[in-house]
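Novice: My questions will all concern the structure given below.
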Amino acid sequence: MIYSGNKLLNWNSIFMLVIVPIIFFVSPAPKNREVLFYGIMIPLMYLLFVSQAFYFILTQDTLIIKNYGFPFLKIQYLIADIQKIGVYNSRRSFSKAILQIKTNKSKSFGYQGASLKIKDWQSLIKDFEQKNIEVTVDVYYLKSK
């Protein structure tokens, strides 16, 4: 099952594809120092965008994490290796939650899926639980009722 939400029409993509270009085109022509400023700001804004652009593919025996900002990025976890999954609140992003994976060997950083809606997160959590993976949900609107 693929949990990707709408990759184009979400706040993260709208910010990157609409608001950021408007800011750069409306601002006056850069002088020498400002060229360096824009040379740093544009890649920084892109990194902020892709840090929230993860989506998840859950197969019978594998969890695959991909990023629609870096299409070549592919992270795989075997379901048998996953000990625990944490779904935590995402305070400073457009993402509804952050997914953190703990395996026998390591603990991942938080994967933010800004394109996923609440129902996508709930469905992903339910599918993890059906695969007998311990899931800790620390987001009040994603908790089972």
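Going through the structure tokens in order, the chains are called A, B, and so on, while each chain numbers its residues from 1 and the ligands are numbered from 1 in the order shown.
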In segment 69-143 of chain A, what's alpha helix (DSSP H) per DSSP? Answer as a VMD selection string?
Specialist: chain A and resid 118 to 130
Novice: With C-alpha atoms retained, export the selected residues as a tab-separated table (two decimals), in the first residue's frame.
Specialist:
```
chain	number	residue	atom	x	y	z
A	118	ILE	CA	-4.88	12.65	8.75
A	119	LYS	CA	-6.74	9.67	7.24
A	120	ASP	CA	-3.51	8.56	5.50
A	121	TRP	CA	-1.62	8.63	8.81
A	122	GLN	CA	-4.43	6.73	10.54
A	123	SER	CA	-4.48	4.09	7.81
A	124	LEU	CA	-0.68	3.72	7.96
A	125	ILE	CA	-0.78	3.30	11.75
A	126	LYS	CA	-3.57	0.71	11.44
A	127	ASP	CA	-1.57	-1.26	8.87
A	128	PHE	CA	1.51	-1.25	11.11
A	129	GLU	CA	-0.59	-2.60	13.96
A	130	GLN	CA	-2.01	-5.32	11.70
```
Novice: Hey, what's within 8 Å of segment 68-70 of chain A if we count only C-alpha atoms and toss same-chain stuff fewer than 4 positions away? As a list in words, please?
Specialist: Lys7, Phe49, Val50, Ala53, Phe54 and Tyr55 of chain A
Novice: Any chance you could export the current selection's N, CA and C atoms as a CSV table (one decimal), in the first residue's frame?
Specialist:
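Contents of again.csv, as written:
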```
chain,number,residue,atom,x,y,z
A,7,LYS,N,0.9,14.8,-3.7
A,7,LYS,CA,2.3,15.3,-3.7
A,7,LYS,C,2.3,16.8,-4.2
A,49,PHE,N,12.2,22.1,2.1
A,49,PHE,CA,11.1,21.5,1.4
A,49,PHE,C,11.2,20.0,1.4
A,50,VAL,N,12.4,19.5,1.0
A,50,VAL,CA,12.5,18.0,0.9
A,50,VAL,C,12.6,17.3,2.2
A,53,ALA,N,9.1,16.0,2.7
A,53,ALA,CA,8.5,15.4,1.4
A,53,ALA,C,8.6,13.9,1.4
A,54,PHE,N,8.5,13.3,2.5
A,54,PHE,CA,8.6,11.8,2.6
A,54,PHE,C,7.2,11.2,2.4
A,55,TYR,N,7.2,10.0,1.7
A,55,TYR,CA,6.0,9.2,1.7
A,55,TYR,C,6.4,7.8,1.9
```
Novice: If we count only C-alpha atoms and set the cut-off at 7 Å, which residues sit around Val137 of chain A, ignoring sequence neighbours fewer than 5 positions away in its own chain? Please answer as number ranges by chain.
Specialist: A: 86-88, 143
Novice: With N, CA and C atoms retained, could you export that selection as a short mmCIF file (atom, residue, chain, number, x, y, z; two decimals), in the first residue's frame?
Specialist:
```
data_model
loop_
_atom_site.label_atom_id
_atom_site.label_comp_id
_atom_site.auth_asym_id
_atom_site.auth_seq_id
_atom_site.Cartn_x
_atom_site.Cartn_y
_atom_site.Cartn_z
N GLY A 86 7.31 5.09 16.16
CA GLY A 86 6.76 6.23 16.89
C GLY A 86 6.19 7.23 15.91
N VAL A 87 4.99 7.72 16.22
CA VAL A 87 4.37 8.77 15.43
C VAL A 87 4.22 9.96 16.36
N TYR A 88 4.99 11.00 16.09
CA TYR A 88 5.08 12.13 16.99
C TYR A 88 4.56 13.41 16.35
N LYS A 143 -4.76 9.28 17.44
CA LYS A 143 -4.93 8.16 18.36
C LYS A 143 -6.24 7.43 18.10
#
```
Novice: Excluding Leu63 of chain A and residues on its chain fewer than 6 positions from it, collect all residues at most 8 Å away from it, counting only C-alpha atoms, and give them as a list in words.
Specialist: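 Skipping anything fewer than 6 positions along the chain leaves Phe56, Ile57, Gln76, Tyr77, Leu78 and Ile79 of chain A.
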Novice: Would you put the residues from that selection into a file with N, CA and C atoms, as an mmCIF file, in the first residue's frame?
Specialist:
```cif
data_model
loop_
_atom_site.group_PDB
_atom_site.id
_atom_site.type_symbol
_atom_site.label_atom_id
_atom_site.label_comp_id
_atom_site.auth_asym_id
_atom_site.auth_seq_id
_atom_site.Cartn_x
_atom_site.Cartn_y
_atom_site.Cartn_z
ATOM 1 N N PHE A 56 5.439 6.908 2.151
ATOM 2 C CA PHE A 56 5.703 5.563 2.630
ATOM 3 C C PHE A 56 5.018 4.518 1.768
ATOM 4 N N ILE A 57 5.736 3.429 1.531
ATOM 5 C CA ILE A 57 5.191 2.285 0.805
ATOM 6 C C ILE A 57 5.350 1.071 1.723
ATOM 7 N N GLN A 76 14.895 1.479 2.890
ATOM 8 C CA GLN A 76 14.102 0.273 3.115
ATOM 9 C C GLN A 76 14.351 -0.299 4.499
ATOM 10 N N TYR A 77 13.264 -0.745 5.119
ATOM 11 C CA TYR A 77 13.327 -1.458 6.393
ATOM 12 C C TYR A 77 12.562 -2.765 6.221
ATOM 13 N N LEU A 78 13.153 -3.864 6.635
ATOM 14 C CA LEU A 78 12.420 -5.121 6.670
ATOM 15 C C LEU A 78 11.457 -5.078 7.849
ATOM 16 N N ILE A 79 10.245 -5.519 7.636
ATOM 17 C CA ILE A 79 9.239 -5.518 8.705
ATOM 18 C C ILE A 79 9.737 -6.334 9.895
#
```
Novice: List as a list in words the protein and nucleic acid residues near segment 110-112 of chain A, meaning an atom at most 7 Å away when only C-alpha atoms are counted, but skip any in the same chain fewer than 4 places from it.
Specialist: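 Once the nearby chain positions are removed, what remains is Ser51, Gln52, Ala53, Phe54, Ser95, Ala97, Ile98, Leu99 and Gln100 of chain A.
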Novice: List every residue of segment 28-139 of chain A that DSSP, applied to the backbone, labels as strand (DSSP E or B), and write the result as number ranges by chain.
Specialist: A: 53-58, 62-67, 74-78, 82-89, 97-103, 107, 111-113, 134-137
Novice: If we count only C-alpha atoms, what is near Lys96 of chain A at a cut-off of 10 Å, once residues fewer than 3 positions away on the same chain are taken out, given as a list in words?
Specialist: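 Everything that qualifies: Val87, Tyr88, Asn89, Ser90, Arg91, Arg92, Ser93, Gln112, Gly113, Ala114, Ser115, Leu116, Lys117, Ile118, Trp121, Val139, Tyr141 and Leu142 of chain A.
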Novice: For Ile101 of chain A, work out the shell of residues within 7 Å, counting only C-alpha atoms and skipping chain neighbours fewer than 3 positions away, then give it as a PyMOL selection string.
Specialist: chain A and resi 82+84-86+107-108
Novice: Considering only C-alpha atoms, state which residue in the set A:Phe94, A:Ala80, A:Ser106, A:Pro43 is at the smallest distance from Ile133 of chain A.
Specialist: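 The answer is A:Ala80, which sits nearest to Ile133 of chain A.
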